[in-house]
Every structure is written in structure tokens, then in C-alpha cells.
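Below: the structure, in C-alpha cells.
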Amino acid sequence: MDQQGIIIKGAREHNLKNIDVVIPRDRFVVITGLSGSGKSSLAFDTIYSEGQRRYVESLSTYARQFLEQMSKPDVDSIEGLSPAISIEQKTTSRNPRSTVGTITEIYDYLRLLFARIGHPYCYQCGKEITSQTVEQMVDKTLSLPSGTRIQVLSPIVRGRKGEYRKEFADLRGKGFVRARVDGEVVDLERDIVLAKNKKHTIEIVIDRLVLKRDLEERLRKRLADSIEMALRLADGVVVIHIVDGEDILFSERLACIDCGISYPEVTPRVFSFNSPHGACPDCDGLGIRIGDEEDAGIVCPSCQGKRLKKEALAIKVEGRSIDEVTRLSIKSAVQFFNALRFTRREAFIAERILKEIRERLHFLSNVGLDYLTLDREASTLSGGEGQRIRLATQIGSSLVGVLYVLDEPSIGLHQRDNVRLLATLKRLRDLGNTVLVVEHDEETIRESDYVIDMGPGAGVHGGRIIAHGTPGEIIKDKNSLTGRYLAGDLTISLPKRHRKATRYLTIKEARENNLRGVDVSIPIGLLTAITGVSGSGKSTLLFEVLYKNLVNSLYKRSRTCEGCGAILGLEEFDKVINIDQSPIGRTPRSNPATYTGLFTHIRDLFAQLPESRVRGYRAGRYSFNVKGGRCEACQGDGLIKIEMHFLPDVYVTCEVCKGERYNRETLDIKYKGKNIAGVLDLTVAQAIDFFEPIPVIRHKLETLRAVGLDYIKLGQAATTLSGGEAQRVKLSKELSRRATGRTLYILDEPTTGLHFADIQKLLDVLNRLVDAGNSVVVIEHHPDVIKNADYIIDLGPEGGDEGGEVVAYGTPEDVAKEERSYTGRFLREFLAYG
């Protein structure tokens, strides 16, 4: 093996079995294996965690207090480690001000572009604004009513931080006696003290006049001289302040003569909805009302959801405002910026700005995100979309010598777009970086330089390296489960039969987001896959239209349809359940046993034991969430957090209960030699044997095994479960319910985090739900799930503006015949070899 690599010795984090491994540097490396086999423990919790920790430790103690501190992973040594950057599946940002444009910095370059070469138009009459001459400013001022008292002000500082002692001294030296500072006129002879970290506006009082008709000619000369001086001192801007009235802003550059509207200096901050200089004053740049509860969330009537002041929205490039440009999809934006035509001067100014914008748009397109709009809020992005945006941003940074660690970047990506994603990952490698990817996608594994296959099982049965080498070497290794699937020795076979559709749930005229008024019929009592390229409208159809309306109809008794004309067949269902990948709990107190209801039966069992009854212990005694049986020193957590202020918080095992969560008296009670803490430490597989004689407990455990989770511990903290594992815990809970046969189950990419071998288990579970008479609808890109579906609804043909249509529908064989369907093209190959 190449020793010029990252050399890991004695890795024991989580379920890793003291493993040694060398990861080649400057290569595209895939870590694969069964769900729960230790892939993330090696990639993220060991390699990335140590790389990040070493970087943080290189900083000063003062700097470290502002950073997230990381504890040292359980590993003997790691040599040859580069600075590490993690690109994970977490949601990008919950901040409503964060958009695709701001995350990628494209919006920063757009602000600069519009500030430098944008053409201002009057927001009232729509005419292009031209610069004003001194004569025009004088005429406008003299048109005010006779007797008006005015001050000619020169704004030398506008909304900037600082103390400005030197400026005040210079003004005194030049003979000026007054200035308006932050709206208040002050005597310059005074010692003026300004807060250094606050923003200030300083306007010199150049002249004070009373407008009189009989003295107009004399005033004209004096006013012209004063305005010229003000313009000279304030770089082309002057303010005419009407005493006890408003300010009139004049600019040598920007003003509408007809409407009397002048614009302030056009700088990038004028286009920022995070700055008071650019944000709509009525919604603070959010685009929605934020006042009364009944108005909250309503589109702001002032800016119509565009976030900016009307002045900023009236500045255009090629006839489009900055808001109109951000509403373009990435694909349309590429075309817009490629078609721009400028004067020679504008082209010279814009050249570097456009280069940055075009490159970033190109990177986003290459990771399969060309359907997103630049104004799309970050909080609405899926985990996969957020990850690919961060990936595109990293490529734009052009760093060299970095270790990039990615978590299933192919999630949410159609087979068609996977080729572009792989090219992007290879480009990152070719820049001189090591790309380490946790992945199950077959094409990604085959295209990598090096594969590390983990196993042999999951949880306590995993944590070992089964095979490593090039994809070709893995395929030849008979010990590698991944290799056997890649070689075709093991396959996920086609079902023996397809169930037939006889009844349908029909959505009429679905028109939410990019859906184009389509009619969609979903078979009742079958496994249906909704497919299509990224951005084609799958999530909108399933969640924004179908799920939302079903919830309103079943639980809120609402008869109105949102996002569509009507939905026929709702009466066929009494329940709709969205089994998503959100955590089953936010704290370590939540675990598979509590979520599935298993723990209730276990506590009841312990409460019925003879010794419990003698002591008067009831089921509540065995809960670590309430006083009584839990250890009060750690309040049932098993750990105690010690705050270290500028050092990382330290979690130490509770000395009283030794991490077992319960007090001594509770732990005295045992069933078959194990106390309640010992039972929670069992894996699902161990617990099935342990609780063999108790059907109600064994049944729930068997449903956990059915979804492929026999390796997790009953008391495993919810915070340590992956999204895929959390989804399967939810599936097991549904399997354990008594079927009514009238439930609609909705799942979004349930194959996330699943190895080839796990997908077969998932299909078995979904088919069990369908065989009980229920309907299952999944959004999926994985060909093995799609080919096993009873019915497919394929949306497209493209993403974004070019999507939203039903391209094909029917059995997998029907869809495979449709030439317009990208899904159909890939299905042909899989059906041929299935």
C-alpha cells in the first residue's frame, strides 16, 4: 500500500475495532459498507474530528473561546493529516436572510455589478435617471414657497463608524462653525465625542438662507456658490434641509428632473437586504410582514416580497433589477450573463465581476443544482442540496492540500446528474486535494480511485475493514459484500409480480411552485415511486400538494384544496403518515426504546417483578426522565457537563451511578440477571433472545430487526442515530401498529444511508405495509427501488422552469419505453440486468 497517505493507527471511536488503515493522499477515496458498520465513525468522528481539533489547537486561547471546541477522538495516532473541511448533509441555515445567492457569494458580486454599471430609473415615472447640474439644483430649491428657511448641508460622512476627531479639527481649521451630527446641529467649537463603534452621519452646515421672491436673483448667486462648495466637499452630494421640514437630496450623478427624485450614491450596500441602506423599511429586508401575529408571514405590501427599497429595485442591468436576476434559475442566469452586452467602459469595469459570477454559476450547474433560483431561502433546501452548494463553494475557493470529507453527496440526485457530480469531485481531487466520501452509490464507488469497505455487520458486529484497494480489487475480493454486489454475484432482484392498480387517488390541476396544472393519479394499495431529475417538482407534488391537503382533510376537516383544483379519492384513507429523516428526539434521553413504545412494556415488566411489588416500585420508578428511580446527581443522563468557559465543555461519567442513569435501589431489581440499565445496553438482536417469552416486547423488537436495525442498542441516544436510522426506527413503529389497511405512507428517499444489502430489507418492509392493504408513495432516485415499484410517476422533463410536467407513468416496464423520460432510459438498463 502507498505509504504517502494519511496513516491511522488504533481507531476505536464508537464501534471501530482498534483498526489501522492508510488513506492515499490526493485521491478520490470512498468509504462504504452496511448501514451502521462504522463509516461515519471513521470518516467524520475520527479523521475529520482530529483534523479540525488540531487546527483549533494551533490557535491562541483567546481565539479558541469563539470556536466550537472538539474533544480528541479515540485513536492512537494519525499521521499525514491535512487541514480538514467537512461537507455534511446538515441543513444549510435557518436564517430567513440566507439564500442560495448569499451562501455562494454570487449575490455579493451581483451587488457590486449593479453598483458599478447599473442604470438607475425613476421609480415613479420609469424614466432613466440622469445627473443633475448645479443650475438644476438651484432652480429646484428656489421653487420652494417664499419664506421657507433652508440650510445647505454637505454630507461628508454617511452612516459610517468612527470618532472622526481629525475631520472635526479640519472643519474648524477651514472656518466652518456648525455641523449636523446624527440629525442634531452642533457647534464645531465644542469638543464632539462620538461612539467609535456606532454608525454616524456628519453634514457640514455650509449656509443658512430664507427664500424671498424679491431677492431671488441675489439668492441665486449665493445658493449656487454654497451648493458648489457642498458638492465639492461631499463628493457630488448636497442636502437642502427645510427647517422644521424634510430633507431634499441632490446628486451630481443621479436624479429624476420630472419627479424631483434624487438617489443617494449607488454603492453595493444599497442592494443589501441585510443593511438599513438597502432593506425595505417596512419588512426589514425579510420580504414578509413581521408585525402583528395575524400579519406575520404575509408578503410585504411595500416591496412585494422583493426585500429592497424602491430605489434599489429601480437600478437595472440589461433591463432587469437585481431582484429579477435573483429570481432566475441557475440555468437561466447562466444564459442571462452569457448574453450581456456592454459599452467598452462597462465591459472593462465588469470583466472581473462577471468572471466570478459565471464561475460560481457554472460550479452550481455542475453539481446538478441548475434548477434552483438564487433567491431560494437556504432553510427550504434539502440536506443533499445544501451539501452540494457547499461543495460548489469549495471548488470556487480553489484550495489545495485540503482533506475534504463528504457524506453521501449523491443523495437527491438523479442518475443523469450523477455524472456531473463525479466530475466535480474529481476536479476537487485534481486541484491537489484528498476527497474522502462516505457513499453507497454504485457509480460513485466504481469511479473512485480507492475503496475502503467496512463491516462485516452493523453496530457491535461492524467496525472492521473487510477490504481495501481499487474498485477492481474490491470486485475480486469475495470477503467484501460490496464487491459481490458490484461483481453481480449478489443482486436486488425484480419482484415476481406487479400488483395491479384498480383504484386511484387523483390530484387535479396541481399548480404549486413549478407544477404546470398537471393531473396526477396515484394508485391506491400499491407501492408507487415518484421519480424525475432534481427540481422537477417531486417534493412539491408529494408534500406541498398531496400531504398538506390530506392532513387538512383528515385532521382539520378542511374542504379547501391548496395548490391544486381538487383531490378525488380522499375518502379511501383514514390516516396519512410522513416517515421522514428528522431525529426521533432532540436529546440523549430519547432512544429507540422510548420512541417505539418498547420501553413502556419493559418498565411494566420490571414493575411486575416480585421484588418491585414488595418495595412498592411502579413503572414510573424505571423512567430516567422523572424523580424517583433515576440518579439525581446526573438527573438520569449518566453524564455530567462541566463548563470550562474558554476551553471546551467536558462531559464526565457520573461518579454516583457510573453512567447507568439510575440510583442503586432501582438497579437492585433484576430480570433474568439484568437490571434496567443492563437491558437498555442490549442490542436489538440480543434483546430478541432475552425477551423471547414476552410476545408484546418481542413483536416490537422483531419490527426493529425487520428494518435492519438489529445492531442498535435499545437505549442508544437519539442524537447518535443517522437520518436513515431515524427513518427506519419510525418505519418499525408503523410496522408494529395494527393495520387498518387505509393508511397512506409517504417517504422521501428512504434509501439514504443504505447499502445494497440494506435496500432489500427496506423493500421487504415497504411491501409488508402494502400487503396489509396500505398505500406507500416514495420519492426515489435509486434504480433498485424504482424497478421494484408497482407504479411510477415520472416528472420533468428537466428541473425548475423546465419541469413540472408528468413525462411518463405506469409500471416500470411502461416508463422504460418512454423516450422523453431520463428515468426510463436508466430503467431500461436495470430491467435488462434485473
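Chain labels A, B, ... are given in the sequence in which chains occur in the C-alpha cells; within each chain residues are numbered consecutively from 1, and ligands are likewise numbered from 1 in the order shown.
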Mind checking which residues fall within 9 Å of Leu391 (chain A), counting only C-alpha atoms, ignoring those fewer than 6 positions away in the same chain, and posting them as a PDB file with all heavy atoms, in the first residue's frame?
```
ATOM      1  N   ILE A  87     -18.078  18.534   4.537  1.00  0.00           N
ATOM      2  CA  ILE A  87     -19.247  18.988   3.783  1.00  0.00           C
ATOM      3  C   ILE A  87     -20.343  17.953   4.036  1.00  0.00           C
ATOM      4  O   ILE A  87     -20.413  16.925   3.375  1.00  0.00           O
ATOM      5  CB  ILE A  87     -18.935  19.110   2.278  1.00  0.00           C
ATOM      6  CG1 ILE A  87     -17.690  19.980   2.059  1.00  0.00           C
ATOM      7  CG2 ILE A  87     -20.122  19.709   1.536  1.00  0.00           C
ATOM      8  CD1 ILE A  87     -17.257  20.099   0.614  1.00  0.00           C
ATOM      9  N   PHE A 363     -20.217  26.186 -11.422  1.00  0.00           N
ATOM     10  CA  PHE A 363     -19.994  25.156 -10.411  1.00  0.00           C
ATOM     11  C   PHE A 363     -21.318  24.600  -9.881  1.00  0.00           C
ATOM     12  O   PHE A 363     -21.478  23.402  -9.698  1.00  0.00           O
ATOM     13  CB  PHE A 363     -19.182  25.721  -9.227  1.00  0.00           C
ATOM     14  CG  PHE A 363     -17.794  26.150  -9.591  1.00  0.00           C
ATOM     15  CD1 PHE A 363     -17.195  27.241  -8.969  1.00  0.00           C
ATOM     16  CD2 PHE A 363     -17.069  25.472 -10.557  1.00  0.00           C
ATOM     17  CE1 PHE A 363     -15.921  27.647  -9.309  1.00  0.00           C
ATOM     18  CE2 PHE A 363     -15.787  25.871 -10.906  1.00  0.00           C
ATOM     19  CZ  PHE A 363     -15.205  26.962 -10.279  1.00  0.00           C
ATOM     20  N   LEU A 364     -22.292  25.492  -9.637  1.00  0.00           N
ATOM     21  CA  LEU A 364     -23.608  25.050  -9.154  1.00  0.00           C
ATOM     22  C   LEU A 364     -24.300  24.165 -10.188  1.00  0.00           C
ATOM     23  O   LEU A 364     -24.941  23.167  -9.850  1.00  0.00           O
ATOM     24  CB  LEU A 364     -24.490  26.260  -8.834  1.00  0.00           C
ATOM     25  CG  LEU A 364     -24.136  27.036  -7.565  1.00  0.00           C
ATOM     26  CD1 LEU A 364     -24.866  28.366  -7.532  1.00  0.00           C
ATOM     27  CD2 LEU A 364     -24.466  26.223  -6.321  1.00  0.00           C
ATOM     28  N   VAL A 367     -22.957  20.566 -10.187  1.00  0.00           N
ATOM     29  CA  VAL A 367     -23.349  19.640  -9.122  1.00  0.00           C
ATOM     30  C   VAL A 367     -24.858  19.377  -9.152  1.00  0.00           C
ATOM     31  O   VAL A 367     -25.458  18.952  -8.172  1.00  0.00           O
ATOM     32  CB  VAL A 367     -22.906  20.147  -7.718  1.00  0.00           C
ATOM     33  CG1 VAL A 367     -21.410  20.121  -7.594  1.00  0.00           C
ATOM     34  CG2 VAL A 367     -23.456  21.528  -7.406  1.00  0.00           C
ATOM     35  N   LEU A 406     -16.947  14.146   2.740  1.00  0.00           N
ATOM     36  CA  LEU A 406     -18.335  14.332   2.299  1.00  0.00           C
ATOM     37  C   LEU A 406     -19.200  13.146   2.703  1.00  0.00           C
ATOM     38  O   LEU A 406     -18.722  12.011   2.752  1.00  0.00           O
ATOM     39  CB  LEU A 406     -18.403  14.492   0.776  1.00  0.00           C
ATOM     40  CG  LEU A 406     -17.823  15.777   0.189  1.00  0.00           C
ATOM     41  CD1 LEU A 406     -16.370  15.571  -0.204  1.00  0.00           C
ATOM     42  CD2 LEU A 406     -18.612  16.200  -1.030  1.00  0.00           C
ATOM     43  N   PRO A 409     -22.844  12.545  -1.113  1.00  0.00           N
ATOM     44  CA  PRO A 409     -23.201  13.694  -1.954  1.00  0.00           C
ATOM     45  C   PRO A 409     -24.197  13.371  -3.063  1.00  0.00           C
ATOM     46  O   PRO A 409     -24.803  14.271  -3.627  1.00  0.00           O
ATOM     47  CB  PRO A 409     -21.860  14.136  -2.545  1.00  0.00           C
ATOM     48  CG  PRO A 409     -20.987  12.925  -2.465  1.00  0.00           C
ATOM     49  CD  PRO A 409     -21.415  12.196  -1.233  1.00  0.00           C
ATOM     50  N   THR A 424     -17.132  16.852 -10.734  1.00  0.00           N
ATOM     51  CA  THR A 424     -16.815  17.906  -9.770  1.00  0.00           C
ATOM     52  C   THR A 424     -15.906  17.384  -8.673  1.00  0.00           C
ATOM     53  O   THR A 424     -14.941  18.042  -8.280  1.00  0.00           O
ATOM     54  CB  THR A 424     -18.128  18.459  -9.159  1.00  0.00           C
ATOM     55  OG1 THR A 424     -18.944  18.955 -10.213  1.00  0.00           O
ATOM     56  CG2 THR A 424     -17.844  19.569  -8.178  1.00  0.00           C
ATOM     57  N   LEU A 425     -16.209  16.196  -8.149  1.00  0.00           N
ATOM     58  CA  LEU A 425     -15.376  15.594  -7.103  1.00  0.00           C
ATOM     59  C   LEU A 425     -13.965  15.324  -7.627  1.00  0.00           C
ATOM     60  O   LEU A 425     -12.975  15.540  -6.922  1.00  0.00           O
ATOM     61  CB  LEU A 425     -16.011  14.299  -6.592  1.00  0.00           C
ATOM     62  CG  LEU A 425     -17.345  14.444  -5.854  1.00  0.00           C
ATOM     63  CD1 LEU A 425     -17.937  13.078  -5.533  1.00  0.00           C
ATOM     64  CD2 LEU A 425     -17.176  15.252  -4.580  1.00  0.00           C
TER      65      LEU A 425
END
```
Per-residue DSSP, region 179-224 of chain A, filtered to alpha helix (DSSP H), as a PyMOL selection string:
chain A and resi 216-224
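Comparing the minimum interatomic distances between Lys17 (chain A) and each of A:Arg327, A:Arg172, A:Arg464, A:Arg586, counting only C-alpha atoms, we find that A:Arg464 sits nearest.
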Excluding Leu421 (chain A) and residues on its chain fewer than 4 positions from it, collect all residues at most 9 Å away from it, counting only C-alpha atoms, and give them as a list in words.
Asn366, Val367, Gly368, Arg388, Pro409, Ser410, Leu413, Asp417, Leu425 and Lys426 of chain A
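Considering only C-alpha atoms, the residue among A:Val138, A:Val29, A:Cys125, A:Leu763 positioned nearest to Leu403 (chain A) is A:Val29.
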Got a sec: who's within 12 Å of Asp477 (chain A), counting only C-alpha atoms, leaving out chain neighbours fewer than 4 positions off, as a ChimeraX atom specification?
/A:451-453,466-473,481-487,489
Please produce an output containing C-alpha atoms for each residue in the selection, written as a PDB file, in the first residue's frame.
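So the final result, stored in result18.pdb, reads:
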```
ATOM      1  CA  VAL A 451     -12.356   1.974  -1.770  1.00  0.00           C
ATOM      2  CA  ILE A 452     -12.471   1.066   1.925  1.00  0.00           C
ATOM      3  CA  ASP A 453     -15.229  -1.481   2.623  1.00  0.00           C
ATOM      4  CA  ILE A 466     -13.184  -6.003   5.309  1.00  0.00           C
ATOM      5  CA  ALA A 467     -11.448  -4.946   2.087  1.00  0.00           C
ATOM      6  CA  HIS A 468      -9.486  -2.027   0.666  1.00  0.00           C
ATOM      7  CA  GLY A 469      -7.978  -1.208  -2.684  1.00  0.00           C
ATOM      8  CA  THR A 470      -9.013  -0.020  -6.136  1.00  0.00           C
ATOM      9  CA  PRO A 471     -12.621  -0.710  -7.244  1.00  0.00           C
ATOM     10  CA  GLY A 472     -11.271  -3.536  -9.423  1.00  0.00           C
ATOM     11  CA  GLU A 473      -9.567  -5.161  -6.410  1.00  0.00           C
ATOM     12  CA  LEU A 481     -20.183  -7.709   0.476  1.00  0.00           C
ATOM     13  CA  THR A 482     -19.901  -4.511  -1.587  1.00  0.00           C
ATOM     14  CA  GLY A 483     -17.573  -6.267  -4.021  1.00  0.00           C
ATOM     15  CA  ARG A 484     -20.000  -9.152  -4.515  1.00  0.00           C
ATOM     16  CA  TYR A 485     -22.810  -6.702  -5.409  1.00  0.00           C
ATOM     17  CA  LEU A 486     -20.505  -4.789  -7.763  1.00  0.00           C
ATOM     18  CA  ALA A 487     -19.423  -8.052  -9.403  1.00  0.00           C
ATOM     19  CA  ASP A 489     -22.725 -12.158  -7.659  1.00  0.00           C
TER      20      ASP A 489
END
```
Within 8 Å of Lys331 (chain A) using only C-alpha atoms, minus same-chain residues under 4 positions, as JSON, numbers by chain:
{"A": [335, 365, 370, 371]}
With only C-alpha atoms as the counted atoms, please give the residues lying no more than 8 Å from region 651-663 of chain A, apart from itself and same-chain residues fewer than 3 positions off, as JSON, numbers by chain.
{"A": [622, 624, 629, 630, 631, 632, 633, 634, 635, 636, 637, 638, 639, 640, 641, 642, 666, 667, 677]}
Straight-line distance linking CA of Asn774 (chain A) with CA of Asp748 (chain A), stated in Å to one decimal:
17.1 Å
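Non-sequential neighbours of Val684 (chain A) (distance at most 9 Å, separation of 2 or more positions within a chain, only C-alpha atoms) are Leu682, Gln686, Ala687, Ile688, Leu701, Glu702, Leu704, Arg705, Leu709, Asp710, Tyr711, Ile712, Lys713 and Leu714 of chain A.
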